[in-house]
$ cat target-v9.txt   # compact mmCIF, C-alpha atoms
# COMPACT_ATOMS: atom_id res chain seq x y z
CA MET I 1 -156.56 187.69 -66.71
CA SER I 2 -153.81 186.50 -69.03
CA THR I 3 -150.79 185.32 -67.07
CA TRP I 4 -147.65 184.06 -68.78
CA HIS I 5 -148.39 180.42 -67.89
CA THR I 6 -151.91 180.42 -69.31
CA LEU I 7 -150.59 182.17 -72.44
CA GLN I 8 -148.09 179.38 -73.15
CA GLU I 9 -150.71 176.82 -74.15
CA ARG I 10 -152.80 179.40 -75.96
CA SER I 11 -153.23 179.24 -79.74
CA PHE I 12 -150.73 181.57 -81.41
CA LEU I 13 -153.28 182.07 -84.20
CA GLU I 14 -155.87 183.46 -81.79
CA SER I 15 -153.56 185.56 -79.61
CA SER I 16 -153.46 189.34 -79.70
CA ALA I 17 -150.22 191.17 -80.48
CA ARG I 18 -149.64 191.95 -76.79
CA GLN I 19 -150.31 188.37 -75.67
CA ARG I 20 -147.80 187.14 -78.28
CA ALA I 21 -145.21 189.69 -77.15
CA ILE I 22 -145.56 188.67 -73.50
CA GLY I 23 -145.68 184.93 -74.19
CA LEU I 24 -142.76 184.74 -76.63
CA VAL I 25 -140.17 185.63 -74.00
CA ASP I 26 -139.37 184.21 -70.54
CA ALA I 27 -141.98 184.43 -67.79
CA GLY I 28 -142.42 187.93 -66.41
CA SER I 29 -139.52 189.35 -68.43
CA PHE I 30 -141.42 191.48 -70.96
CA SER I 31 -141.33 195.28 -70.65
CA GLU I 32 -143.31 197.21 -73.20
CA LEU I 33 -141.75 200.27 -74.84
CA VAL I 34 -144.00 203.08 -76.09
CA GLY I 35 -147.03 201.19 -74.79
CA PRO I 36 -150.68 202.27 -74.96
CA LEU I 37 -150.40 204.56 -71.91
CA GLU I 38 -148.00 206.77 -73.89
CA ARG I 39 -150.89 207.39 -76.32
CA PHE I 40 -148.57 207.66 -79.30
CA VAL I 41 -151.37 207.56 -81.87
CA SER I 42 -151.38 208.08 -85.62
CA PRO I 43 -151.52 211.77 -86.56
CA HIS I 44 -153.08 210.91 -89.94
CA LEU I 45 -156.10 208.74 -89.10
CA PRO I 46 -158.09 211.38 -87.12
CA ILE I 47 -158.03 213.76 -90.11
CA LEU I 48 -159.58 210.99 -92.21
CA GLY I 49 -162.16 210.19 -89.54
CA GLU I 50 -160.67 206.72 -89.02
CA ALA I 51 -160.49 205.02 -85.62
CA ILE I 52 -157.16 205.21 -83.82
CA GLU I 53 -155.41 202.88 -81.39
CA PHE I 54 -153.23 203.91 -78.45
CA ASP I 55 -150.36 201.64 -79.60
CA ASP I 56 -150.99 202.21 -83.35
CA GLY I 57 -151.35 198.45 -83.84
CA ILE I 58 -147.77 197.50 -82.96
CA VAL I 59 -146.44 196.25 -79.62
CA THR I 60 -142.71 196.74 -79.04
CA GLY I 61 -140.64 195.84 -76.03
CA VAL I 62 -137.79 193.91 -74.47
CA GLY I 63 -137.72 190.57 -72.69
CA LEU I 64 -135.33 187.72 -72.08
CA LEU I 65 -134.71 184.33 -73.65
CA GLY I 66 -132.39 182.80 -71.08
CA LYS I 67 -129.44 185.23 -70.94
CA HIS I 68 -130.29 186.77 -74.32
CA PRO I 69 -132.11 190.13 -74.41
CA ALA I 70 -135.01 189.63 -76.81
CA ILE I 71 -136.30 192.67 -78.65
CA VAL I 72 -139.92 191.97 -79.58
CA ILE I 73 -142.03 193.56 -82.32
CA SER I 74 -145.59 192.24 -82.53
CA GLN I 75 -148.23 193.39 -85.01
CA GLU I 76 -151.99 193.46 -84.34
CA GLY I 77 -153.98 192.31 -87.37
CA ARG I 78 -157.34 193.35 -85.95
CA PHE I 79 -156.38 197.05 -86.12
CA ILE I 80 -156.62 198.12 -89.80
CA GLY I 81 -155.26 194.74 -90.93
CA GLY I 82 -151.99 195.14 -89.03
CA SER I 83 -151.00 197.84 -91.50
CA VAL I 84 -147.78 199.77 -90.87
CA GLY I 85 -148.15 203.54 -90.61
CA GLU I 86 -145.91 206.34 -89.40
CA VAL I 87 -146.04 205.66 -85.65
CA GLY I 88 -146.08 201.85 -85.80
CA GLY I 89 -143.26 201.96 -88.35
CA ALA I 90 -141.21 204.28 -86.15
CA LYS I 91 -141.74 201.89 -83.23
CA MET I 92 -140.41 199.00 -85.33
CA VAL I 93 -137.39 201.06 -86.38
CA GLY I 94 -136.75 202.17 -82.79
CA ALA I 95 -136.85 198.59 -81.54
CA LEU I 96 -134.36 197.44 -84.19
CA LYS I 97 -132.03 200.35 -83.37
CA LEU I 98 -132.23 199.33 -79.74
CA ALA I 99 -131.16 195.78 -80.67
CA LEU I 100 -128.15 197.18 -82.50
CA SER I 101 -127.16 199.47 -79.61
CA ILE I 102 -127.45 196.60 -77.10
CA PHE I 103 -125.18 194.54 -79.37
CA GLU I 104 -122.68 197.39 -79.64
CA SER I 105 -122.54 198.07 -75.91
CA LEU I 106 -121.95 194.35 -75.26
CA GLN I 107 -118.97 194.52 -77.62
CA GLN I 108 -117.29 196.86 -75.12
CA GLY I 109 -117.03 193.99 -72.63
CA SER I 110 -115.53 190.50 -72.88
CA ALA I 111 -116.06 188.48 -76.05
CA ALA I 112 -117.42 185.49 -74.10
CA GLU I 113 -119.98 187.67 -72.35
CA ALA I 114 -120.99 189.37 -75.61
CA GLU I 115 -121.58 185.91 -77.13
CA ALA I 116 -123.51 184.56 -74.11
CA ARG I 117 -125.73 187.66 -74.01
CA ARG I 118 -126.08 188.21 -77.76
CA PRO I 119 -129.44 189.93 -78.35
CA ILE I 120 -132.13 188.47 -80.61
CA VAL I 121 -134.94 190.21 -82.48
CA LEU I 122 -138.35 188.52 -82.64
CA ILE I 123 -140.88 189.92 -85.11
CA SER I 124 -144.40 188.50 -84.88
CA PHE I 125 -145.85 189.55 -88.23
CA GLU I 126 -149.58 189.99 -88.77
CA THR I 127 -149.93 192.49 -91.56
CA GLY I 128 -150.78 193.30 -95.15
CA GLY I 129 -147.91 195.81 -95.31
CA VAL I 130 -148.17 199.58 -95.75
CA ARG I 131 -151.14 201.43 -94.25
CA LEU I 132 -152.57 203.11 -97.32
CA HIS I 133 -153.96 206.04 -95.30
CA GLU I 134 -150.38 207.12 -94.53
CA ALA I 135 -148.63 205.46 -97.42
CA ASN I 136 -145.50 207.62 -97.72
CA ALA I 137 -144.63 207.34 -94.02
CA GLY I 138 -145.45 203.64 -94.10
CA LEU I 139 -143.23 202.99 -97.12
CA LEU I 140 -140.41 204.98 -95.56
CA ALA I 141 -140.69 202.82 -92.43
CA HIS I 142 -140.39 199.70 -94.60
CA ALA I 143 -137.20 201.08 -96.15
CA GLU I 144 -135.73 201.99 -92.75
CA VAL I 145 -136.54 198.54 -91.37
CA MET I 146 -134.92 196.93 -94.41
CA ASP I 147 -131.80 199.07 -93.85
CA LEU I 148 -131.60 198.06 -90.21
CA LEU I 149 -131.94 194.37 -91.07
CA GLN I 150 -128.76 194.81 -93.12
CA ASP I 151 -127.05 196.60 -90.21
CA LEU I 152 -128.01 193.78 -87.85
CA ARG I 153 -126.89 191.02 -90.20
CA ARG I 154 -124.15 188.74 -88.83
CA LYS I 155 -124.50 190.55 -85.48
CA VAL I 156 -128.00 190.03 -84.10
CA PRO I 157 -130.31 187.26 -85.35
CA VAL I 158 -133.67 188.54 -86.61
CA VAL I 159 -136.42 185.93 -86.45
CA ALA I 160 -139.77 186.20 -88.25
CA LEU I 161 -142.56 184.42 -86.39
CA ILE I 162 -145.62 184.02 -88.59
CA GLY I 163 -148.71 182.28 -87.26
CA SER I 164 -151.47 184.86 -87.07
CA LYS I 165 -154.76 185.15 -88.90
CA ILE I 166 -153.80 187.74 -91.52
CA GLY I 167 -150.40 186.23 -92.20
CA CYS I 168 -147.64 188.39 -93.63
CA PHE I 169 -148.15 190.08 -96.99
CA GLY I 170 -147.31 193.19 -98.99
CA GLY I 171 -144.22 195.18 -98.13
CA MET I 172 -143.86 193.28 -94.88
CA GLY I 173 -143.61 190.07 -96.95
CA PHE I 174 -140.36 191.53 -98.32
CA ILE I 175 -139.23 192.41 -94.79
CA ALA I 176 -139.93 188.86 -93.58
CA ALA I 177 -137.99 187.46 -96.54
CA ALA I 178 -135.01 189.62 -95.53
CA THR I 179 -134.89 188.29 -91.94
CA ASP I 180 -132.42 185.55 -90.94
CA VAL I 181 -134.86 182.86 -89.86
CA ILE I 182 -138.55 182.33 -90.65
CA VAL I 183 -140.75 180.28 -88.29
CA MET I 184 -144.31 179.45 -89.33
CA SER I 185 -147.24 177.31 -88.22
CA GLU I 186 -149.40 175.43 -90.71
CA PHE I 187 -152.15 178.03 -90.14
CA SER I 188 -149.98 180.94 -91.18
CA ARG I 189 -149.54 182.47 -94.60
CA LEU I 190 -146.68 184.35 -96.20
CA GLY I 191 -146.44 186.09 -99.53
CA LEU I 192 -146.03 189.35 -101.38
CA THR I 193 -149.30 189.91 -103.24
CA GLY I 194 -152.18 188.63 -101.13
CA PRO I 195 -154.83 186.26 -102.56
CA GLU I 196 -157.57 188.92 -102.82
CA VAL I 197 -155.29 191.27 -104.71
CA ILE I 198 -154.22 188.55 -107.17
CA GLU I 199 -157.87 187.73 -107.85
CA GLN I 200 -158.75 191.41 -108.24
CA GLU I 201 -155.93 192.05 -110.72
CA MET I 202 -155.77 188.77 -112.64
CA GLY I 203 -159.29 187.38 -112.35
CA ARG I 204 -160.88 184.45 -110.60
CA ASN I 205 -159.64 181.95 -113.17
CA GLU I 206 -156.09 182.80 -112.19
CA PHE I 207 -156.65 182.65 -108.45
CA ASP I 208 -159.86 182.08 -106.51
CA ALA I 209 -159.29 183.91 -103.20
CA SER I 210 -162.50 182.43 -101.71
CA ASP I 211 -161.02 178.91 -102.07
CA ARG I 212 -159.39 178.63 -98.64
CA ALA I 213 -157.79 175.27 -99.38
CA LEU I 214 -156.13 176.77 -102.47
CA VAL I 215 -154.99 179.84 -100.52
CA PHE I 216 -153.33 177.69 -97.86
CA ARG I 217 -151.81 175.29 -100.41
CA THR I 218 -150.20 178.28 -102.09
CA THR I 219 -149.26 180.64 -99.26
CA GLY I 220 -149.54 178.49 -96.12
CA GLY I 221 -146.83 177.27 -93.76
CA LYS I 222 -146.64 173.73 -95.15
CA HIS I 223 -146.04 174.94 -98.71
CA LYS I 224 -143.50 177.52 -97.56
CA PHE I 225 -141.69 174.80 -95.59
CA ILE I 226 -141.48 172.48 -98.61
CA MET I 227 -140.26 175.30 -100.85
CA GLY I 228 -137.61 176.39 -98.33
CA ASP I 229 -139.18 179.83 -97.83
CA CYS I 230 -139.64 179.05 -94.15
CA ASN I 231 -136.93 177.42 -92.02
CA PHE I 232 -139.00 175.89 -89.24
CA LEU I 233 -142.58 174.68 -89.07
CA VAL I 234 -143.96 174.57 -85.52
CA GLY I 235 -147.23 173.85 -83.72
CA ASP I 236 -149.82 176.50 -82.94
CA THR I 237 -149.14 177.42 -79.31
CA LEU I 238 -147.19 180.37 -77.98
CA ALA I 239 -144.91 177.82 -76.26
CA ASP I 240 -144.12 176.17 -79.63
CA PHE I 241 -143.02 179.50 -81.11
CA ARG I 242 -141.12 180.50 -77.95
CA ARG I 243 -139.19 177.21 -77.89
CA GLN I 244 -138.17 177.72 -81.51
CA ALA I 245 -137.03 181.29 -80.76
CA GLN I 246 -135.05 179.96 -77.79
CA HIS I 247 -133.41 177.40 -80.06
CA VAL I 248 -132.37 180.12 -82.55
CA ALA I 249 -131.01 182.30 -79.70
CA GLN I 250 -128.55 179.49 -78.94
CA MET I 251 -127.41 178.90 -82.54
CA SER I 252 -124.10 180.33 -83.78
CA MET I 253 -124.19 183.36 -86.09
CA ILE I 254 -122.65 181.20 -88.84
CA GLU I 255 -125.48 178.68 -88.56
CA ILE I 256 -127.99 181.54 -88.55
CA GLU I 257 -126.43 183.11 -91.65
CA GLY I 258 -126.86 179.71 -93.31
CA MET I 259 -130.62 179.89 -92.67
CA ARG I 260 -131.00 182.97 -94.89
CA ARG I 261 -132.88 182.38 -98.11
CA ILE I 262 -131.62 185.52 -99.83
CA GLY I 263 -128.75 187.95 -99.49
CA SER I 264 -125.74 186.19 -100.98
CA ARG I 265 -124.61 185.06 -104.41
CA GLY I 266 -125.06 181.42 -103.39
CA ALA I 267 -128.58 182.08 -102.13
CA VAL I 268 -129.52 183.91 -105.32
CA GLU I 269 -128.19 181.00 -107.40
CA ARG I 270 -130.25 178.55 -105.37
CA GLN I 271 -133.37 180.66 -105.85
CA MET I 272 -132.71 180.94 -109.62
CA LYS I 273 -132.42 177.15 -109.83
CA LEU I 274 -135.83 176.85 -108.17
CA VAL I 275 -137.32 179.36 -110.61
CA ALA I 276 -135.88 177.39 -113.55
CA PHE I 277 -137.21 174.14 -112.07
CA ALA I 278 -140.70 175.63 -111.70
CA ALA I 279 -140.60 177.16 -115.19
CA ASP I 280 -139.77 173.77 -116.73
CA LEU I 281 -142.41 172.01 -114.66
CA ARG I 282 -145.21 174.51 -115.43
CA PRO I 283 -147.21 173.45 -112.34
CA ARG I 284 -150.99 173.98 -112.30
CA ASP I 285 -151.10 173.80 -108.52
CA SER I 286 -148.64 173.79 -105.65
CA THR I 287 -149.28 170.05 -105.24
CA ASP I 288 -147.70 169.52 -108.72
CA MET I 289 -144.58 171.14 -107.29
CA TRP I 290 -144.67 168.99 -104.16
CA LYS I 291 -144.98 165.87 -106.32
CA ALA I 292 -142.08 166.89 -108.54
CA LEU I 293 -139.92 167.37 -105.45
CA GLY I 294 -140.54 163.75 -104.44
CA ASN I 295 -143.70 163.88 -102.35
CA LYS I 296 -145.60 160.98 -103.86
CA GLU I 297 -148.94 161.68 -102.25
CA PRO I 298 -149.48 165.42 -101.88
CA GLN I 299 -153.04 164.98 -100.57
CA GLN I 300 -151.64 163.08 -97.61
CA LEU I 301 -149.44 166.08 -96.77
CA ILE I 302 -152.41 168.44 -96.73
CA ALA I 303 -154.24 166.28 -94.18
CA ALA I 304 -151.16 165.42 -92.10
CA SER I 305 -150.71 166.86 -88.63
CA GLU I 306 -147.74 169.19 -88.25
CA GLU I 307 -145.72 166.45 -86.55
CA GLU I 308 -146.50 163.79 -89.18
CA PHE I 309 -145.88 166.32 -91.95
CA GLN I 310 -142.37 167.08 -90.66
CA LYS I 311 -141.52 163.37 -90.85
CA ILE I 312 -142.72 162.70 -94.40
CA ALA I 313 -142.42 165.98 -96.32
CA VAL I 314 -139.63 166.17 -98.91
CA ARG I 315 -138.30 169.72 -99.20
CA TRP I 316 -136.66 171.64 -102.02
CA ASN I 317 -132.91 171.25 -101.74
CA ALA I 318 -130.75 172.99 -104.32
CA MET C 1 -165.05 213.72 -91.43
CA ALA C 2 -162.73 214.10 -88.47
CA LEU C 3 -162.89 211.78 -85.50
CA ASN C 4 -165.33 212.78 -82.75
CA GLN C 5 -164.42 213.24 -79.13
CA LEU C 6 -167.19 212.86 -76.56
CA HIS C 7 -166.79 213.82 -72.90
CA PHE C 8 -168.84 212.53 -69.99
CA GLU C 9 -168.71 212.93 -66.24
CA PHE C 10 -170.35 210.72 -63.62
CA ALA C 11 -170.69 211.00 -59.86
CA PRO C 12 -171.26 207.52 -58.35
CA ALA C 13 -173.37 207.38 -55.17
CA THR C 14 -170.92 205.20 -53.20
CA PRO C 15 -167.54 206.02 -54.75
CA ARG C 16 -164.96 203.22 -54.98
CA ALA C 17 -161.51 204.47 -55.90
CA PHE C 18 -159.67 202.72 -58.73
CA PRO C 19 -157.05 200.52 -56.98
CA VAL C 20 -154.18 200.57 -59.51
CA ALA C 21 -152.45 203.32 -61.50
CA ALA C 22 -153.78 202.23 -64.88
CA VAL C 23 -155.11 199.31 -66.92
CA HIS C 24 -155.40 198.87 -70.68
CA TYR C 25 -157.72 196.40 -72.36
CA GLY C 26 -158.96 195.59 -75.86
CA VAL C 27 -158.07 195.99 -79.50
CA VAL C 28 -159.61 198.53 -81.88
CA GLY C 29 -160.84 195.95 -84.36
CA SER C 30 -163.87 196.55 -86.54
CA GLY C 31 -166.91 196.69 -84.22
CA ASP C 32 -164.62 196.71 -81.20
CA MET C 33 -162.83 199.15 -78.89
CA GLU C 34 -160.00 199.56 -76.39
CA VAL C 35 -160.04 201.29 -73.03
CA ILE C 36 -157.54 202.77 -70.59
CA ILE C 37 -158.74 203.29 -67.03
CA GLU C 38 -156.45 205.47 -64.92
CA ALA C 39 -156.61 206.56 -61.31
CA CYS C 40 -157.10 210.34 -61.20
CA ALA C 41 -158.08 212.62 -58.30
CA LEU C 42 -161.50 213.93 -59.33
CA ALA C 43 -163.23 214.42 -55.95
CA GLY C 44 -165.22 211.18 -56.26
CA LYS C 45 -166.15 211.67 -59.90
CA THR C 46 -165.24 209.71 -63.01
CA GLN C 47 -164.59 211.25 -66.40
CA VAL C 48 -164.84 209.48 -69.72
CA THR C 49 -163.40 210.50 -73.09
CA VAL C 50 -164.61 208.59 -76.14
CA THR C 51 -162.85 208.89 -79.50
CA THR C 52 -165.03 207.46 -82.25
CA PRO C 53 -165.81 207.79 -85.96
CA VAL C 54 -169.53 207.41 -85.14
CA THR C 55 -171.85 210.44 -84.81
CA GLY C 56 -175.35 210.76 -83.39
CA PHE C 57 -175.14 208.22 -80.57
CA ASP C 58 -174.06 210.49 -77.69
CA HIS C 59 -177.18 209.59 -75.72
CA VAL C 60 -176.51 205.85 -76.08
CA TRP C 61 -172.93 206.35 -74.84
CA GLN C 62 -174.32 208.31 -71.86
CA LEU C 63 -176.63 205.40 -70.98
CA VAL C 64 -174.09 202.58 -71.46
CA LEU C 65 -171.32 204.38 -69.56
CA GLY C 66 -173.77 205.48 -66.84
CA ARG C 67 -174.83 201.87 -66.29
CA PHE C 68 -171.17 200.76 -66.03
CA ILE C 69 -170.48 203.43 -63.40
CA ASP C 70 -173.68 202.46 -61.53
CA GLU C 71 -172.59 198.83 -61.42
CA SER C 72 -168.95 199.43 -60.55
CA GLN C 73 -169.25 202.70 -58.56
CA LEU C 74 -165.88 203.52 -60.13
CA ALA C 75 -164.65 206.88 -58.83
CA ASP C 76 -161.57 209.08 -59.07
CA ALA C 77 -160.75 207.59 -62.44
CA HIS C 78 -160.36 208.72 -66.01
CA ILE C 79 -161.58 206.37 -68.73
CA SER C 80 -160.26 206.78 -72.30
CA ILE C 81 -161.97 204.82 -75.06
CA ASN C 82 -160.91 204.39 -78.67
CA ASP C 83 -163.96 203.07 -80.47
CA ASN C 84 -164.46 201.65 -83.93
CA ASN C 85 -168.21 201.10 -84.24
CA ALA C 86 -168.58 198.86 -81.17
CA THR C 87 -172.20 198.05 -80.27
CA PRO C 88 -173.48 198.94 -76.76
CA VAL C 89 -173.19 195.28 -75.68
CA VAL C 90 -169.53 195.13 -76.75
CA VAL C 91 -168.80 198.42 -74.96
CA SER C 92 -170.28 197.11 -71.69
CA LEU C 93 -168.42 193.83 -72.03
CA ARG C 94 -165.01 195.44 -72.71
CA LEU C 95 -165.38 197.84 -69.76
CA ARG C 96 -166.15 194.94 -67.42
CA GLN C 97 -163.27 192.90 -68.86
CA ALA C 98 -160.92 195.82 -68.22
CA LEU C 99 -161.88 195.71 -64.54
CA LEU C 100 -161.40 191.92 -64.49
CA GLU C 101 -157.82 192.43 -65.71
CA ILE C 102 -156.96 193.97 -62.34
CA GLY C 103 -158.99 191.36 -60.45
CA GLU C 104 -161.78 193.80 -59.50
$ encode --input "target-v9.txt" --output "C-alpha cells"
Amino acid sequence: MSTWHTLQERSFLESSARQRAIGLVDAGSFSELVGPLERFVSPHLPILGEAIEFDDGIVTGVGLLGKHPAIVISQEGRFIGGSVGEVGGAKMVGALKLALSIFESLQQGSAAEAEARRPIVLISFETGGVRLHEANAGLLAHAEVMDLLQDLRRKVPVVALIGSKIGCFGGMGFIAAATDVIVMSEFSRLGLTGPEVIEQEMGRNEFDASDRALVFRTTGGKHKFIMGDCNFLVGDTLADFRRQAQHVAQMSMIEIEGMRRIGSRGAVERQMKLVAFAADLRPRDSTDMWKALGNKEPQQLIAASEEEFQKIAVRWNA
Amino acid sequence: MALNQLHFEFAPATPRAFPVAAVHYGVVGSGDMEVIIEACALAGKTQVTVTTPVTGFDHVWQLVLGRFIDESQLADAHISINDNNATPVVVSLRLRQALLEIGE
C-alpha cells in the first residue's frame, strides 16, 4: 500500500502518475478530480480496437502546499506513451480553468489573504505529446492549454515537473516551455522532436537514438540546466520535487515571471543571443557547448552527482 | 477491430463481502492491466467485465478469474478490468495487489 510517507522517498522516475500526484502535495491533502471511478474513457480508442484506461492516462486533482491550493496534473507514460487525447486533454484544461477560478474567487477577499493562499499549478509531464489516434482533439487540447497558460500568467504560477521515464516531448514540449518554472532531475528529458523521430527523419549519422549517453547529453536535465531551459535541477525523489514546488509556491509573482525563458521581448533577445552563440560555435556535441560556456571538463559534469554538478556547472547567462 | 467486452459471473462457496466501496489498481501499460473492484449487492455472486483488444482467450480468462475468486471468496462485488495484452500471471498478480491496497 502506498502511503504518503513511503511515497516521499520513492524515485520520481519510477512513480506512476497517481503516486506523483499524491506525493507532490502535502500529506493526505490530495483529492482526485474525474478519477478512474468516473470511467471517463476515450471515445476514440475502442473504435480502433485499442486498450482504454479509466483515467485516460492523466491524473488531475487538488491538494495543498502549505496554505496554497495546488492544482495537480500528472501524466502516465505507461499508457500509450502518456499521449494527450480528447478526454485527458479536457481534464488538463478543466484543471487549469479551476486554478484560474480559485484565483479569481480569492480576489474577492482581502489582498493579504489572496497572496497567502495564491494557488499554484503543478504539471508532472510524462508524454510524447498528441495521441495520434485522436489527433485533432489532442491538438485542440494543446491549444486550449496554451491559451490558459497565458490567462494564468502573472496570476498563478505554473510549474513543470519533469523527471519521468518518457520525459516531455512533442506538443507538450512546447507547453512545458510556456510554463513559468521548469524543474527537472538528471534522469529526465525535455525537447520538441524526440530522439527516435530525429533519427527516423534525418538518419543515424545525424542522431543515434540508441546511444543513451548521447540522448541524455542532448535532452537530459543536466544539459537543460546548463542551457537555461530548466530553472531548477533536483534529486530523484518525490520529496525533492515537492520541496522545489513548495519553494516556488512561496516566491513572489515578480520573481516567478523572471524565471520564464520565453514570453517577453527581453527573453526572446536572450534566446536569440544563444542561437547566435551556438551558430558561431558550430558544436559537434553538447559537450562542445558546455566547454564554450566555461565548463573546462565536460566529462566530469556527466559523471557528477546532482549535488556536485550544481556546485561546479557553469550555466548560460545572457 | 473494436475492443472486446467479456462478462463472467462467479458464485464463491463461502462468500466474503468486499469491505470498502471501491478500489482501483494498476496502469494499462503494454502487457499490463488495471482493475476496479466495487462493492455491489449481487446475492453472494461476483461479476467481472473485461475490456480487451485480445480475442480467443475467453476460456483462459474464465480460469484465471475463477482461481482468483476461489482464493479470495470475493462476493457481492463487481470487477472491471481494462486489459492490454496482460499474461495470465500478470492478471493474477494485479488482482491480488488490488486486494492488498485495501489491506485484505
$ residues_around --input "target-v9.txt" --residues "Ala98 in chain C" --least-positions-apart "6" --cutoff "8 Å" --atoms "only C-alpha atoms" --output "list in words"
Val23, His24, Tyr25, Gly26, Val35 and Ile37 of chain C
$ closest_atom_pairs --input "target-v9.txt" --of "chain C" --to "chain I" --cutoff "7 Å" --atoms "all atoms listed in the file" --output "tab-separated table"
residue	atom	partner	partner_atom	distance
C:Met1	CA	I:Gly49	CA	4.9
C:Ala2	CA	I:Gly49	CA	4.1
C:Leu3	CA	I:Gly49	CA	4.4
C:Val27	CA	I:Phe79	CA	6.9
C:Val28	CA	I:Phe79	CA	5.5
C:Gly29	CA	I:Arg78	CA	4.6
C:Thr52	CA	I:Ala51	CA	6.2
C:Pro53	CA	I:Gly49	CA	5.6
C:Asn82	CA	I:Glu53	CA	6.3
C:Asp83	CA	I:Ala51	CA	6.5
C:Asn84	CA	I:Ala51	CA	5.5
C:Leu100	CA	I:Met1	CA	6.8
C:Glu101	CA	I:Met1	CA	5.0
$ residues_near_point --input "target-v9.txt" --point "(-167.2, 211.1, -67.9)" --cutoff "12 Å" --atoms "all atoms listed in the file" --output "PDB file with C-alpha atoms, in the frame of the given file"
ATOM      1  CA  GLN C   5    -164.420 213.240 -79.130  1.00  0.00           C
ATOM      2  CA  LEU C   6    -167.190 212.860 -76.560  1.00  0.00           C
ATOM      3  CA  HIS C   7    -166.790 213.820 -72.900  1.00  0.00           C
ATOM      4  CA  PHE C   8    -168.840 212.530 -69.990  1.00  0.00           C
ATOM      5  CA  GLU C   9    -168.710 212.930 -66.240  1.00  0.00           C
ATOM      6  CA  PHE C  10    -170.350 210.720 -63.620  1.00  0.00           C
ATOM      7  CA  ALA C  11    -170.690 211.000 -59.860  1.00  0.00           C
ATOM      8  CA  PRO C  12    -171.260 207.520 -58.350  1.00  0.00           C
ATOM      9  CA  ILE C  37    -158.740 203.290 -67.030  1.00  0.00           C
ATOM     10  CA  LEU C  42    -161.500 213.930 -59.330  1.00  0.00           C
ATOM     11  CA  GLY C  44    -165.220 211.180 -56.260  1.00  0.00           C
ATOM     12  CA  LYS C  45    -166.150 211.670 -59.900  1.00  0.00           C
ATOM     13  CA  THR C  46    -165.240 209.710 -63.010  1.00  0.00           C
ATOM     14  CA  GLN C  47    -164.590 211.250 -66.400  1.00  0.00           C
ATOM     15  CA  VAL C  48    -164.840 209.480 -69.720  1.00  0.00           C
ATOM     16  CA  THR C  49    -163.400 210.500 -73.090  1.00  0.00           C
ATOM     17  CA  VAL C  50    -164.610 208.590 -76.140  1.00  0.00           C
ATOM     18  CA  ASP C  58    -174.060 210.490 -77.690  1.00  0.00           C
ATOM     19  CA  TRP C  61    -172.930 206.350 -74.840  1.00  0.00           C
ATOM     20  CA  GLN C  62    -174.320 208.310 -71.860  1.00  0.00           C
ATOM     21  CA  LEU C  63    -176.630 205.400 -70.980  1.00  0.00           C
ATOM     22  CA  VAL C  64    -174.090 202.580 -71.460  1.00  0.00           C
ATOM     23  CA  LEU C  65    -171.320 204.380 -69.560  1.00  0.00           C
ATOM     24  CA  GLY C  66    -173.770 205.480 -66.840  1.00  0.00           C
ATOM     25  CA  PHE C  68    -171.170 200.760 -66.030  1.00  0.00           C
ATOM     26  CA  ILE C  69    -170.480 203.430 -63.400  1.00  0.00           C
ATOM     27  CA  LEU C  74    -165.880 203.520 -60.130  1.00  0.00           C
ATOM     28  CA  ALA C  75    -164.650 206.880 -58.830  1.00  0.00           C
ATOM     29  CA  ASP C  76    -161.570 209.080 -59.070  1.00  0.00           C
ATOM     30  CA  ALA C  77    -160.750 207.590 -62.440  1.00  0.00           C
ATOM     31  CA  HIS C  78    -160.360 208.720 -66.010  1.00  0.00           C
ATOM     32  CA  ILE C  79    -161.580 206.370 -68.730  1.00  0.00           C
ATOM     33  CA  SER C  80    -160.260 206.780 -72.300  1.00  0.00           C
ATOM     34  CA  ILE C  81    -161.970 204.820 -75.060  1.00  0.00           C
TER      35      ILE C  81
END
$ residues_around --input "target-v9.txt" --residues "Glu9 in chain I" --least-positions-apart "5" --cutoff "8 Å" --atoms "all atoms listed in the file" --output "list in words"
Thr237, Leu238 and Ala239 of chain I
$ closest_residue --input "target-v9.txt" --among "I:Lys222, I:His68, I:Lys273, I:Lys291" --to "Glu307 in chain I" --atoms "only C-alpha atoms"
I:Lys222
$ atom_distance --input "target-v9.txt" --atom1 "CA of Val197 in chain I" --atom2 "CA of Val215 in chain I"
12.2 Å
$ closest_residue --input "target-v9.txt" --among "I:Ile123, I:Gly171, I:Phe12, I:Arg265" --to "Ser83 in chain I" --atoms "all atoms listed in the file"
I:Gly171
$ atom_distance --input "target-v9.txt" --atom1 "CA of Gly82 in chain I" --atom2 "CA of Ile58 in chain I"
7.8 Å
$ atom_distance --input "target-v9.txt" --atom1 "CA of Phe57 in chain C" --atom2 "CA of Ser72 in chain C"
22.7 Å
$ residues_around --input "target-v9.txt" --residues "range 301-305 of chain I" --least-positions-apart "6" --cutoff "9 Å" --atoms "all atoms listed in the file" --output "list in words"
Glu186, Arg217, Lys222, Asn295, Ile312 and Ala313 of chain I
$ write_last_selection --input "target-v9.txt" --atoms "C-alpha atoms" --output "compact mmCIF listing (two decimals), in the coordinates of the input"
# COMPACT_ATOMS: atom_id res chain seq x y z
CA GLU I 186 -149.40 175.43 -90.71
CA ARG I 217 -151.81 175.29 -100.41
CA LYS I 222 -146.64 173.73 -95.15
CA ASN I 295 -143.70 163.88 -102.35
CA ILE I 312 -142.72 162.70 -94.40
CA ALA I 313 -142.42 165.98 -96.32
$ closest_residue --input "target-v9.txt" --among "I:Met146, I:Ala292, I:Phe216, I:Pro69" --to "Ala245 in chain I" --atoms "only C-alpha atoms"
I:Pro69
$ residues_around --input "target-v9.txt" --residues "Phe277 in chain I" --least-positions-apart "3" --cutoff "12 Å" --atoms "all atoms listed in the file" --output "list of chain:residue names"
I:Met227, I:Arg270, I:Gln271, I:Met272, I:Lys273, I:Leu274, I:Asp280, I:Leu281, I:Arg282, I:Pro283, I:Asp288, I:Met289, I:Ala292, I:Leu293, I:Trp316, I:Asn317, I:Ala318
$ residues_around --input "target-v9.txt" --residues "range 104-121 of chain I" --least-positions-apart "2" --cutoff "9 Å" --atoms "only C-alpha atoms" --output "list in words"
Leu64, Leu65, Gly66, Lys67, His68, Pro69, Ala70, Ile71, Val72, Ile73, Ala95, Leu96, Ala99, Leu100, Ser101, Ile102, Ile123, Lys155, Val156, Pro157, Val158, Val159, Ala160, Ala245, Val248, Ala249 and Gln250 of chain I
